file work-v1.cif (mmCIF, C-alpha atoms)
data_protein
#
loop_
_atom_site.label_atom_id
_atom_site.label_comp_id
_atom_site.auth_asym_id
_atom_site.auth_seq_id
_atom_site.Cartn_x
_atom_site.Cartn_y
_atom_site.Cartn_z
CA MET B 1 48.95 67.09 -79.21
CA LYS B 2 47.57 64.57 -81.60
CA LYS B 3 43.85 64.73 -81.27
CA TYR B 4 42.95 61.70 -83.34
CA GLN B 5 45.59 59.17 -84.16
CA LEU B 6 44.85 57.11 -87.21
CA GLY B 7 47.46 55.25 -89.21
CA GLU B 8 47.25 54.89 -92.98
CA PHE B 9 46.18 51.24 -92.87
CA GLU B 10 43.86 51.91 -89.96
CA GLU B 11 42.22 54.64 -91.98
CA VAL B 12 41.67 52.25 -94.89
CA VAL B 13 40.16 49.67 -92.54
CA ILE B 14 37.82 52.04 -90.72
CA LEU B 15 36.61 53.52 -94.02
CA THR B 16 35.96 50.02 -95.35
CA VAL B 17 34.00 49.21 -92.20
CA GLY B 18 31.90 52.24 -93.06
CA VAL B 19 31.50 51.10 -96.66
CA LEU B 20 30.37 47.62 -95.68
CA TYR B 21 28.07 49.06 -93.01
CA ASN B 22 26.18 46.09 -91.49
CA GLU B 23 28.31 43.45 -93.15
CA ALA B 24 31.74 44.35 -91.80
CA TYR B 25 33.55 41.39 -90.26
CA GLY B 26 37.08 40.04 -90.67
CA ILE B 27 36.84 38.26 -94.02
CA SER B 28 34.50 40.72 -95.71
CA ILE B 29 36.74 43.67 -94.76
CA LYS B 30 39.80 41.82 -96.01
CA LYS B 31 38.20 40.96 -99.34
CA ASP B 32 36.80 44.40 -99.84
CA ILE B 33 40.16 46.06 -99.34
CA GLU B 34 41.86 43.51 -101.57
CA THR B 35 39.43 43.96 -104.46
CA ARG B 36 38.89 47.70 -104.16
CA LEU B 37 42.42 48.83 -103.39
CA LYS B 38 44.34 46.00 -105.06
CA ARG B 39 46.57 45.35 -102.11
CA LYS B 40 47.25 42.24 -100.07
CA VAL B 41 45.91 42.24 -96.58
CA SER B 42 47.16 39.71 -94.06
CA MET B 43 44.90 38.47 -91.31
CA GLY B 44 47.47 39.57 -88.77
CA ALA B 45 47.61 43.16 -89.95
CA LEU B 46 43.84 43.39 -90.25
CA HIS B 47 42.98 42.00 -86.83
CA THR B 48 45.68 44.05 -85.16
CA ALA B 49 44.27 47.20 -86.72
CA LEU B 50 40.71 46.26 -85.76
CA LYS B 51 41.69 45.57 -82.18
CA ARG B 52 43.69 48.77 -81.88
CA MET B 53 40.82 50.87 -83.13
CA GLU B 54 38.36 49.07 -80.90
CA ASP B 55 40.60 49.80 -77.92
CA LYS B 56 40.79 53.44 -78.96
CA GLY B 57 36.99 53.58 -79.14
CA TYR B 58 36.72 54.23 -82.88
CA LEU B 59 35.01 50.92 -83.53
CA LYS B 60 32.61 48.79 -81.61
CA SER B 61 31.71 45.19 -82.25
CA HIS B 62 28.98 42.68 -81.64
CA GLU B 63 28.85 38.96 -82.08
CA GLY B 64 27.13 37.64 -85.17
CA GLU B 65 25.85 34.30 -86.36
CA ALA B 66 27.92 31.10 -86.42
CA THR B 67 27.83 29.55 -89.86
CA GLU B 68 28.94 26.18 -91.11
CA GLU B 69 31.83 27.42 -93.22
CA ARG B 70 33.24 28.92 -90.00
CA ALA B 71 32.90 25.56 -88.20
CA GLY B 72 30.58 27.11 -85.65
CA ARG B 73 32.73 30.12 -84.79
CA PRO B 74 30.67 33.31 -84.54
CA LYS B 75 31.43 36.32 -86.71
CA LYS B 76 32.46 39.57 -85.10
CA TYR B 77 30.76 42.51 -86.77
CA PHE B 78 32.27 45.98 -86.51
CA GLU B 79 30.69 49.39 -86.75
CA ILE B 80 31.99 52.93 -86.48
CA THR B 81 31.35 54.80 -83.25
CA ALA B 82 30.68 58.53 -82.95
CA LEU B 83 34.29 58.99 -81.91
CA GLY B 84 35.43 56.98 -84.91
CA LYS B 85 33.36 59.20 -87.17
CA LYS B 86 35.02 62.27 -85.70
CA ALA B 87 38.41 60.72 -86.23
CA ILE B 88 37.89 60.03 -89.94
CA GLU B 89 36.31 63.45 -90.46
CA TYR B 90 39.31 65.02 -88.77
CA THR B 91 41.77 63.18 -91.02
CA LYS B 92 39.78 64.10 -94.08
CA GLU B 93 39.66 67.78 -93.12
CA THR B 94 43.37 67.96 -92.42
CA ARG B 95 44.13 66.33 -95.77
CA GLU B 96 41.89 68.79 -97.57
CA GLN B 97 43.50 71.71 -95.83
CA LEU B 98 46.88 70.49 -96.98
CA TRP B 99 45.60 69.98 -100.49
CA ASN B 100 44.26 73.49 -100.62
CA LEU B 101 47.57 74.88 -99.44
CA ILE B 102 49.62 73.35 -102.23
CA PRO B 103 50.28 76.03 -104.87
CA LYS B 104 49.05 74.96 -108.30
CA VAL B 105 52.51 75.49 -109.75
CA ALA B 106 53.94 72.78 -107.54
CA LEU B 107 51.61 70.18 -108.92
CA GLN B 108 52.10 71.33 -112.49
CA VAL B 109 55.82 70.95 -112.05
CA LYS B 110 55.29 67.49 -110.69
CA ILE B 111 53.15 66.51 -113.62
CA ALA B 112 55.57 68.00 -116.05
CA GLY B 113 58.46 66.19 -114.40
CA MET K 1 28.02 23.78 -81.94
CA ILE K 2 28.05 22.54 -85.48
CA HIS K 3 29.81 19.27 -86.04
CA GLU K 4 33.43 19.75 -87.09
CA ASP K 5 34.41 17.70 -90.08
CA LYS K 6 38.04 16.76 -89.47
CA LYS K 7 38.93 16.70 -93.14
CA ALA K 8 37.56 20.14 -93.73
CA LEU K 9 39.69 21.62 -90.96
CA PRO K 10 43.09 23.30 -91.44
CA PRO K 11 46.33 21.74 -90.14
CA MET K 12 45.71 21.10 -86.47
CA ILE K 13 49.24 21.93 -85.34
CA ALA K 14 49.00 25.46 -86.70
CA LEU K 15 45.49 25.88 -85.34
CA ARG K 16 46.55 24.68 -81.90
CA PHE K 17 49.53 26.98 -81.95
CA PHE K 18 47.21 29.85 -82.80
CA ARG K 19 44.82 28.93 -79.99
CA TRP K 20 47.71 28.81 -77.57
CA TYR K 21 49.11 32.28 -78.21
CA CYS K 22 45.94 34.17 -79.08
CA HIS K 23 44.24 36.54 -76.70
CA PRO K 24 41.18 34.67 -75.33
CA LYS K 25 38.79 37.47 -76.18
CA LEU K 26 39.80 37.52 -79.84
CA ARG K 27 40.36 33.82 -80.29
CA ILE K 28 36.99 32.52 -81.42
CA HIS K 29 36.31 35.28 -83.96
CA ILE K 30 39.71 35.21 -85.62
CA GLU K 31 39.57 31.44 -85.63
CA GLY K 32 36.26 31.68 -87.47
CA ASP K 33 37.77 34.04 -90.02
CA LEU K 34 40.75 31.73 -90.52
CA ILE K 35 38.59 28.67 -91.02
CA GLU K 36 36.23 30.45 -93.38
CA LEU K 37 39.17 31.61 -95.46
CA TYR K 38 40.75 28.18 -95.38
CA LYS K 39 37.62 26.47 -96.61
CA GLU K 40 37.38 28.88 -99.48
CA ARG K 41 41.00 28.32 -100.50
CA ARG K 42 40.57 24.60 -100.04
CA ARG K 43 38.52 24.44 -103.21
CA THR K 44 41.59 25.31 -105.22
CA GLY K 45 43.85 22.78 -103.52
CA LYS K 46 44.73 21.46 -100.11
CA VAL K 47 48.48 22.11 -100.03
CA GLY K 48 48.20 25.73 -101.04
CA ALA K 49 45.42 26.31 -98.53
CA ASP K 50 47.45 24.66 -95.79
CA LEU K 51 50.50 26.77 -96.51
CA LYS K 52 48.50 29.97 -96.64
CA PHE K 53 46.84 29.04 -93.41
CA ILE K 54 50.21 28.51 -91.73
CA ALA K 55 51.43 31.84 -93.12
CA ASP K 56 48.34 33.60 -91.74
CA VAL K 57 48.87 32.07 -88.33
CA ALA K 58 52.49 33.17 -88.37
CA LEU K 59 51.56 36.71 -89.41
CA LEU K 60 48.91 36.89 -86.69
CA CYS K 61 51.55 36.26 -84.10
CA ARG K 62 52.09 39.92 -83.17
CA PRO K 63 51.73 42.08 -80.05
CA GLY K 64 48.10 43.15 -80.43
CA ILE K 65 46.87 39.60 -80.86
CA ILE K 66 49.09 37.64 -78.45
CA ARG K 67 47.53 37.25 -75.05
CA PRO K 68 49.09 38.97 -72.03
CA PRO K 69 51.58 36.78 -70.12
CA ALA K 70 49.42 36.30 -67.03
CA PRO K 71 45.63 36.11 -67.08
CA LYS K 72 44.34 39.47 -66.04
CA THR K 73 42.31 38.76 -62.95
CA SER K 74 41.79 41.10 -60.08
CA ILE K 75 42.45 39.36 -56.77
CA ASN K 76 41.46 42.13 -54.40
CA THR K 77 38.61 44.54 -53.90
CA TYR K 78 40.85 47.57 -53.42
CA GLY K 79 39.57 49.33 -56.50
CA MET K 80 35.95 48.89 -55.51
CA TYR K 81 36.41 50.39 -52.07
CA LYS K 82 38.56 53.18 -53.45
CA SER K 83 35.70 54.11 -55.74
CA TYR K 84 33.17 53.93 -52.90
CA PHE K 85 35.18 56.27 -50.73
CA LYS K 86 35.83 58.68 -53.55
CA ILE K 87 32.14 58.90 -54.42
CA GLY K 88 31.16 59.17 -50.76
CA TRP K 89 33.63 61.98 -50.24
CA ARG K 90 32.42 63.85 -53.32
CA ASN K 91 28.83 63.64 -52.12
CA LEU K 92 29.85 65.02 -48.74
CA ILE K 93 31.59 67.95 -50.42
CA LYS K 94 28.65 68.58 -52.73
CA ASN K 95 25.98 68.72 -50.00
CA LYS K 96 27.87 70.59 -47.32
CA ALA K 97 24.91 71.63 -45.19
CA TYR K 98 23.47 68.13 -45.05
CA SER K 99 26.90 66.67 -44.39
CA VAL K 100 27.37 68.94 -41.38
CA ILE K 101 23.93 68.09 -40.01
CA ASN K 102 24.47 64.39 -40.62
CA ILE K 103 27.97 64.06 -39.23
CA GLY K 104 27.31 66.48 -36.38
CA GLY K 105 24.15 64.66 -35.40
CA LEU K 106 25.86 61.32 -35.57
CA ALA K 107 28.78 62.55 -33.48
CA LEU K 108 26.45 64.01 -30.89
CA GLY K 109 24.46 60.78 -30.79
CA ILE K 110 27.57 58.64 -30.38
CA ALA K 111 28.89 60.95 -27.67
CA VAL K 112 25.63 60.79 -25.71
CA ALA K 113 25.44 57.01 -26.09
CA MET K 114 29.00 56.69 -24.79
CA MET K 115 28.23 58.93 -21.82
CA ILE K 116 25.19 56.85 -20.97
CA GLY K 117 27.29 53.72 -21.36
CA LEU K 118 29.89 55.02 -18.92
CA TRP K 119 27.18 55.97 -16.44
CA VAL K 120 25.51 52.56 -16.66
CA THR K 121 28.85 50.78 -16.21
CA ASP K 122 29.55 52.94 -13.20
CA GLU K 123 26.19 52.07 -11.67
CA LEU K 124 26.41 48.37 -12.46
CA THR K 125 29.83 48.02 -10.84
CA PHE K 126 28.85 49.95 -7.74
CA ASN K 127 30.57 48.47 -4.66
CA HIS K 128 32.19 45.75 -6.80
CA TYR K 129 35.50 46.91 -5.33
CA HIS K 130 34.59 45.00 -2.20
CA GLU K 131 35.11 41.33 -3.00
CA ASN K 132 32.10 40.07 -1.04
CA TYR K 133 29.80 42.88 -2.05
CA LYS K 134 26.99 40.41 -2.64
CA ARG K 135 27.04 39.22 0.95
CA VAL K 136 27.72 42.45 2.80
CA ALA K 137 24.65 44.19 4.12
CA GLN K 138 23.90 47.28 6.10
CA VAL K 139 21.39 47.04 8.93
CA MET K 140 18.68 49.68 8.87
CA LYS K 141 15.74 50.41 11.09
CA ASP K 142 12.10 50.18 10.04
CA GLN K 143 9.79 51.78 12.52
CA THR K 144 6.47 53.42 13.12
CA TYR K 145 6.67 56.40 15.41
CA GLU K 146 3.66 58.49 16.38
CA GLY K 147 1.66 57.04 13.50
CA LYS K 148 4.33 57.75 10.88
CA HIS K 149 6.36 55.12 9.13
CA TYR K 150 10.14 55.54 8.94
CA ARG K 151 12.55 53.36 7.09
CA GLY K 152 16.27 53.56 6.45
CA ASN K 153 17.52 54.91 9.74
CA THR K 154 21.11 53.65 10.11
CA TYR K 155 21.67 55.02 13.62
CA LEU K 156 21.03 51.99 15.73
CA GLN K 157 21.37 51.10 19.38
CA TYR K 158 24.71 49.65 20.37
CA PRO K 159 23.34 46.51 22.10
CA LEU K 160 21.99 45.41 18.70
CA ILE K 161 25.50 44.14 17.93
CA ASN K 162 25.37 41.62 20.74
CA ALA K 163 21.81 40.68 19.86
CA LEU K 164 22.82 39.97 16.25
CA LYS K 165 25.86 38.00 17.34
CA THR K 166 24.00 35.82 19.79
CA THR K 167 20.85 35.28 17.72
CA TYR K 168 22.23 35.06 14.18
CA GLY K 169 25.92 34.54 14.93
CA SER K 170 26.03 31.24 13.09
CA SER K 171 25.04 32.86 9.79
CA LEU K 172 27.06 36.06 10.17
CA LYS K 173 30.80 35.99 9.76
CA TYR K 174 31.44 39.57 10.82
CA VAL K 175 29.29 42.14 12.56
CA VAL K 176 30.94 45.52 12.17
CA PRO K 177 29.67 48.65 13.86
CA MET K 178 30.21 52.02 12.24
CA MET K 179 29.77 55.25 14.02
CA GLY K 180 29.86 58.93 13.37
CA GLY K 181 33.12 60.58 12.66
CA GLY K 182 32.45 62.78 9.67
CA GLU K 183 34.90 65.58 9.11
CA THR K 184 37.84 65.19 11.41
CA VAL K 185 41.00 67.23 11.86
CA LEU K 186 44.13 65.10 11.67
CA SER K 187 47.23 66.80 12.94
CA THR K 188 50.91 66.02 13.23
CA LEU K 189 53.38 68.34 14.94
CA ASP K 190 53.57 70.64 11.95
CA LYS K 191 50.55 69.85 9.80
CA LYS K 192 46.76 69.92 10.00
CA LEU K 193 44.36 68.28 7.64
CA THR K 194 40.60 67.84 7.50
CA ARG K 195 39.41 64.47 6.30
CA ARG K 196 36.17 62.57 6.49
CA GLY K 197 36.35 59.41 8.56
CA THR K 198 34.36 56.99 10.61
CA PHE K 199 34.84 54.78 13.62
CA VAL K 200 34.55 51.15 12.65
CA GLY K 201 34.73 47.73 14.22
CA GLU K 202 38.01 45.85 13.97
CA ASP K 203 36.74 43.47 11.28
CA ALA K 204 35.95 46.23 8.77
CA PRO K 205 39.14 45.82 6.68
CA GLU K 206 38.46 42.12 6.29
CA MET K 207 34.76 42.51 5.59
CA LEU K 208 35.28 45.23 2.99
CA SER K 209 38.35 43.47 1.58
CA MET K 210 40.36 46.64 1.84
CA LYS K 211 43.70 46.49 0.07
CA MET K 212 46.32 47.25 2.65
CA ILE K 213 49.44 48.99 1.38
CA ASN K 214 51.10 49.22 4.80
CA GLY K 215 50.20 46.99 7.70
CA ASN K 216 47.56 44.28 7.51
CA ARG K 217 43.86 43.79 8.00
CA ASN K 218 44.30 43.22 11.72
CA ALA K 219 45.50 46.80 12.07
CA LEU K 220 42.43 47.88 14.03
CA LYS K 221 42.76 45.35 16.88
CA ASP K 222 44.15 48.11 19.11
CA ILE K 223 41.46 50.54 20.23
CA ASN K 224 43.73 53.53 19.59
CA ALA K 225 44.81 52.44 16.14
CA ILE K 226 43.55 54.05 12.96
CA ILE K 227 44.10 53.27 9.35
CA ILE K 228 44.22 55.96 6.70
CA SER K 229 43.98 55.97 2.94
CA LYS K 230 47.05 56.30 0.78
CA SER K 231 46.13 59.78 -0.41
CA THR K 232 45.63 60.97 3.18
CA ALA K 233 48.94 59.45 4.24
CA LYS K 234 50.69 61.22 1.41
CA ALA K 235 49.04 64.55 2.18
CA LEU K 236 49.70 64.33 5.90
CA LEU K 237 53.13 62.73 6.13
CA GLY K 238 54.64 63.01 2.71
CA ASN K 239 57.11 60.25 2.12
CA ILE K 240 57.64 59.30 5.79
CA ASP K 241 56.64 55.72 6.63
CA PRO K 242 53.21 56.30 8.19
CA VAL K 243 52.97 53.11 10.25
CA GLY K 244 53.64 53.79 13.93
CA GLN K 245 53.26 57.56 13.57
CA VAL K 246 51.17 59.15 16.31
CA ILE K 247 48.72 61.82 15.23
CA LYS K 248 45.95 63.75 16.96
CA LEU K 249 42.26 63.53 16.14
CA ASN K 250 40.55 66.90 16.36
CA GLY K 251 43.50 68.11 18.40
CA THR K 252 42.60 66.05 21.43
CA ARG K 253 42.99 62.34 21.06
CA ASP K 254 46.29 60.60 20.29
CA VAL K 255 45.99 57.72 17.84
CA THR K 256 48.57 55.52 16.16
CA ILE K 257 48.53 54.95 12.43
CA ASN K 258 48.61 51.20 12.08
CA GLY K 259 47.97 50.76 8.41
CA VAL K 260 47.44 52.43 5.05
CA TYR K 261 44.85 51.23 2.59
CA GLU K 262 44.33 51.87 -1.06
CA ASP K 263 41.78 54.61 -1.72
CA PHE K 264 38.26 53.40 -2.44
CA PRO K 265 37.05 53.99 -5.98
CA ASP K 266 34.39 56.61 -6.64
CA ASN K 267 31.60 54.11 -7.10
CA SER K 268 31.76 52.65 -3.61
CA GLU K 269 29.55 53.13 -0.62
CA PHE K 270 32.65 54.14 1.34
CA THR K 271 34.10 56.65 -1.04
CA ARG K 272 33.20 59.33 1.48
CA VAL K 273 35.70 57.82 3.90
CA ASP K 274 39.15 59.20 3.31
#
call {"tool": "encode", "arguments": {"input": "work-v1.cif", "output": "structure tokens"}}
result
Amino acid sequence: MKKYQLGEFEEVVILTVGVLYNEAYGISIKKDIETRLKRKVSMGALHTALKRMEDKGYLKSHEGEATEERAGRPKKYFEITALGKKAIEYTKETREQLWNLIPKVALQVKIAG
Amino acid sequence: MIHEDKKALPPMIALRFFRWYCHPKLRIHIEGDLIELYKERRRTGKVGADLKFIADVALLCRPGIIRPPAPKTSINTYGMYKSYFKIGWRNLIKNKAYSVINIGGLALGIAVAMMIGLWVTDELTFNHYHENYKRVAQVMKDQTYEGKHYRGNTYLQYPLINALKTTYGSSLKYVVPMMGGGETVLSTLDKKLTRRGTFVGEDAPEMLSMKMINGNRNALKDINAIIISKSTAKALLGNIDPVGQVIKLNGTRDVTINGVYEDFPDNSEFTRVD
């Protein structure tokens, strides 16, 4: 059974929410991923991921201020829940376990190749 | 809400399309993000910003963002009551001793209340079987004898009937004497039966609105006629037509059954008469 299900892009988004801490809303997350990871992020992909993780209980949101550049639309700030924290810890641990299991030779071969 | 500058806004067609398909809960926040992004891109040129905006709207059109086909509104309270009953049941299971005391006590209380209700109904409908129960009265004697006061004696002198008829006749429709009887042996050729009965005046069936099954309410015009209840008729004669049958009272007197009446209910003054 999959205990915590977190896709690759979802993982990037939830980690970025953690990085931005109190400043994580749609645009700021998008820009942060684009500058830090050098990859294009579409609004569609981002908001879908945010909604999915909110439904799963990994993220929670609250309404923020409505500024003029948003034409009066309020921001939606995200933060990581306790469950979300467990989920990213779980993914990290499983990755590390896999890393530790790779024999050094395998990587050397790869580098050599 | 802050005033919306039309020029600063993205292409309205795309924005309207987005508003139309978007899930209502997400709409305002994503819209804010879109507008913020658009305004930023706008600084580097309107056409590019417009195109990017349209592309964003198109890319947002995906399952997680699109609203469900029908608005999700609950139209019944089924779920609420289901939850109530579930919680109630769990509490009952949890506190077994109190549940038993509670439910048992309630059941006992309801049972007693129902019993009392039945009793009261029985008392309140006493003699209602007789249609004119409000206007039928029994004459009793009120006397002082050797310094003591007696009331309620129903054994009265026979001439009282004539006195009542002559003095109060205009206000009395029927004056019906009743006398003695008590337990009486009714016998046919092959059967004997003890039943309680009474001798009555000929107007009794009319006065008491007795429901005649065989014969009619004039059945007692003949001095040697008797009427019997349905249950007595059945016990004494079985399925034979009782009217016209001659039976003996206490083994001595021949009388003719001239009618059969429906048994009186239990809450009647005359329930002792079979």
call {"tool": "resolve_selection", "arguments": {"input": "work-v1.cif", "expression": "the PyMOL selection byres ((chain B) within 8 of (chain K))", "output": "list in words"}}
result
Gly26, Ile27, Ser42, Met43, Gly44, Ala45, His47, Thr48, Lys51, Arg52, Glu68, Glu69, Arg70, Ala71, Gly72, Arg73, Pro74, Lys75 and Lys76 of chain B
call {"tool": "write_last_selection", "arguments": {"input": "work-v1.cif", "atoms": "C-alpha atoms", "output": "CSV table (one decimal), in the frame of the given file"}}
result
chain,number,residue,atom,x,y,z
B,26,GLY,CA,37.1,40.0,-90.7
B,27,ILE,CA,36.8,38.3,-94.0
B,42,SER,CA,47.2,39.7,-94.1
B,43,MET,CA,44.9,38.5,-91.3
B,44,GLY,CA,47.5,39.6,-88.8
B,45,ALA,CA,47.6,43.2,-90.0
B,47,HIS,CA,43.0,42.0,-86.8
B,48,THR,CA,45.7,44.0,-85.2
B,51,LYS,CA,41.7,45.6,-82.2
B,52,ARG,CA,43.7,48.8,-81.9
B,68,GLU,CA,28.9,26.2,-91.1
B,69,GLU,CA,31.8,27.4,-93.2
B,70,ARG,CA,33.2,28.9,-90.0
B,71,ALA,CA,32.9,25.6,-88.2
B,72,GLY,CA,30.6,27.1,-85.6
B,73,ARG,CA,32.7,30.1,-84.8
B,74,PRO,CA,30.7,33.3,-84.5
B,75,LYS,CA,31.4,36.3,-86.7
B,76,LYS,CA,32.5,39.6,-85.1
call {"tool": "resolve_selection", "arguments": {"input": "work-v1.cif", "expression": "the PyMOL selection byres ((chain B and resi 56) around 10)", "output": "list in words"}}
result
Tyr4, Gln5, Leu6, Leu50, Lys51, Arg52, Met53, Glu54, Asp55, Gly57, Tyr58, Leu59, Lys60, Leu83 and Gly84 of chain B
call {"tool": "atom_distance", "arguments": {"input": "work-v1.cif", "atom1": "CA of Leu249 (chain K)", "atom2": "CA of Gln157 (chain K)"}}
result
24.5 Å
call {"tool": "atom_distance", "arguments": {"input": "work-v1.cif", "atom1": "CA of Thr184 (chain K)", "atom2": "CA of Lys248 (chain K)"}}
result
9.9 Å
call {"tool": "resolve_selection", "arguments": {"input": "work-v1.cif", "expression": "the PyMOL selection byres ((chain B and resi 29) around 12)", "output": "number ranges by chain"}}
result
B: 10, 12-28, 30-37, 40-43, 45-47, 49-50, 76-79; K: 33
call {"tool": "write_last_selection", "arguments": {"input": "work-v1.cif", "atoms": "C-alpha atoms", "output": "JSON list (two decimals), keeping the file's coordinate frame"}}
result
[["chain", "number", "residue", "atom", "x", "y", "z"],
["B", 10, "GLU", "CA", 43.86, 51.91, -89.96],
["B", 12, "VAL", "CA", 41.67, 52.25, -94.89],
["B", 13, "VAL", "CA", 40.16, 49.67, -92.54],
["B", 14, "ILE", "CA", 37.82, 52.04, -90.72],
["B", 15, "LEU", "CA", 36.61, 53.52, -94.02],
["B", 16, "THR", "CA", 35.96, 50.02, -95.35],
["B", 17, "VAL", "CA", 34.00, 49.21, -92.20],
["B", 18, "GLY", "CA", 31.90, 52.24, -93.06],
["B", 19, "VAL", "CA", 31.50, 51.10, -96.66],
["B", 20, "LEU", "CA", 30.37, 47.62, -95.68],
["B", 21, "TYR", "CA", 28.07, 49.06, -93.01],
["B", 22, "ASN", "CA", 26.18, 46.09, -91.49],
["B", 23, "GLU", "CA", 28.31, 43.45, -93.15],
["B", 24, "ALA", "CA", 31.74, 44.35, -91.80],
["B", 25, "TYR", "CA", 33.55, 41.39, -90.26],
["B", 26, "GLY", "CA", 37.08, 40.04, -90.67],
["B", 27, "ILE", "CA", 36.84, 38.26, -94.02],
["B", 28, "SER", "CA", 34.50, 40.72, -95.71],
["B", 30, "LYS", "CA", 39.80, 41.82, -96.01],
["B", 31, "LYS", "CA", 38.20, 40.96, -99.34],
["B", 32, "ASP", "CA", 36.80, 44.40, -99.84],
["B", 33, "ILE", "CA", 40.16, 46.06, -99.34],
["B", 34, "GLU", "CA", 41.86, 43.51, -101.57],
["B", 35, "THR", "CA", 39.43, 43.96, -104.46],
["B", 36, "ARG", "CA", 38.89, 47.70, -104.16],
["B", 37, "LEU", "CA", 42.42, 48.83, -103.39],
["B", 40, "LYS", "CA", 47.25, 42.24, -100.07],
["B", 41, "VAL", "CA", 45.91, 42.24, -96.58],
["B", 42, "SER", "CA", 47.16, 39.71, -94.06],
["B", 43, "MET", "CA", 44.90, 38.47, -91.31],
["B", 45, "ALA", "CA", 47.61, 43.16, -89.95],
["B", 46, "LEU", "CA", 43.84, 43.39, -90.25],
["B", 47, "HIS", "CA", 42.98, 42.00, -86.83],
["B", 49, "ALA", "CA", 44.27, 47.20, -86.72],
["B", 50, "LEU", "CA", 40.71, 46.26, -85.76],
["B", 76, "LYS", "CA", 32.46, 39.57, -85.10],
["B", 77, "TYR", "CA", 30.76, 42.51, -86.77],
["B", 78, "PHE", "CA", 32.27, 45.98, -86.51],
["B", 79, "GLU", "CA", 30.69, 49.39, -86.75],
["K", 33, "ASP", "CA", 37.77, 34.04, -90.02]]
call {"tool": "atom_distance", "arguments": {"input": "work-v1.cif", "atom1": "CA of Lys3 (chain B)", "atom2": "CA of Ile80 (chain B)"}}
result
17.5 Å
call {"tool": "closest_residue", "arguments": {"input": "work-v1.cif", "among": "K:Pro24, K:Gly109, K:Gly244, K:Pro177", "to": "Pro159 (chain K)", "atoms": "only C-alpha atoms"}}
result
K:Pro177
call {"tool": "residues_around", "arguments": {"input": "work-v1.cif", "residues": "Thr194 (chain K)", "least_positions_apart": "4", "cutoff": "9 Å", "atoms": "only C-alpha atoms", "output": "VMD selection string"}}
result
chain K and resid 183 to 187 250
call {"tool": "closest_residue", "arguments": {"input": "work-v1.cif", "among": "K:Leu237, K:Met207, K:Leu164, K:Ile247", "to": "His130 (chain K)", "atoms": "only C-alpha atoms"}}
result
K:Met207
call {"tool": "build_atoms", "arguments": {"input": "work-v1.cif", "residues": "region 12-24 of chain K", "atoms": "N, CA and C atoms", "output": "CSV table (one decimal), keeping the file's coordinate frame"}}
result
chain,number,residue,atom,x,y,z
K,12,MET,N,46.0,20.9,-87.9
K,12,MET,CA,45.7,21.1,-86.5
K,12,MET,C,46.9,21.7,-85.7
K,13,ILE,N,48.1,21.4,-86.1
K,13,ILE,CA,49.2,21.9,-85.3
K,13,ILE,C,49.2,23.5,-85.4
K,14,ALA,N,49.0,24.0,-86.6
K,14,ALA,CA,49.0,25.5,-86.7
K,14,ALA,C,47.8,26.0,-85.9
K,15,LEU,N,46.7,25.4,-86.0
K,15,LEU,CA,45.5,25.9,-85.3
K,15,LEU,C,45.7,25.9,-83.8
K,16,ARG,N,46.3,24.8,-83.3
K,16,ARG,CA,46.6,24.7,-81.9
K,16,ARG,C,47.5,25.7,-81.4
K,17,PHE,N,48.6,25.9,-82.3
K,17,PHE,CA,49.5,27.0,-82.0
K,17,PHE,C,48.8,28.3,-81.9
K,18,PHE,N,47.9,28.6,-82.8
K,18,PHE,CA,47.2,29.8,-82.8
K,18,PHE,C,46.4,30.0,-81.5
K,19,ARG,N,45.7,28.9,-81.2
K,19,ARG,CA,44.8,28.9,-80.0
K,19,ARG,C,45.6,29.2,-78.7
K,20,TRP,N,46.9,28.7,-78.8
K,20,TRP,CA,47.7,28.8,-77.6
K,20,TRP,C,48.1,30.3,-77.4
K,21,TYR,N,48.6,30.9,-78.4
K,21,TYR,CA,49.1,32.3,-78.2
K,21,TYR,C,48.1,33.4,-78.3
K,22,CYS,N,46.9,33.1,-78.8
K,22,CYS,CA,45.9,34.2,-79.1
K,22,CYS,C,45.3,34.7,-77.8
K,23,HIS,N,45.0,35.9,-77.8
K,23,HIS,CA,44.2,36.5,-76.7
K,23,HIS,C,42.9,35.9,-76.6
K,24,PRO,N,42.4,35.4,-75.4
K,24,PRO,CA,41.2,34.7,-75.3
K,24,PRO,C,40.0,35.4,-75.9
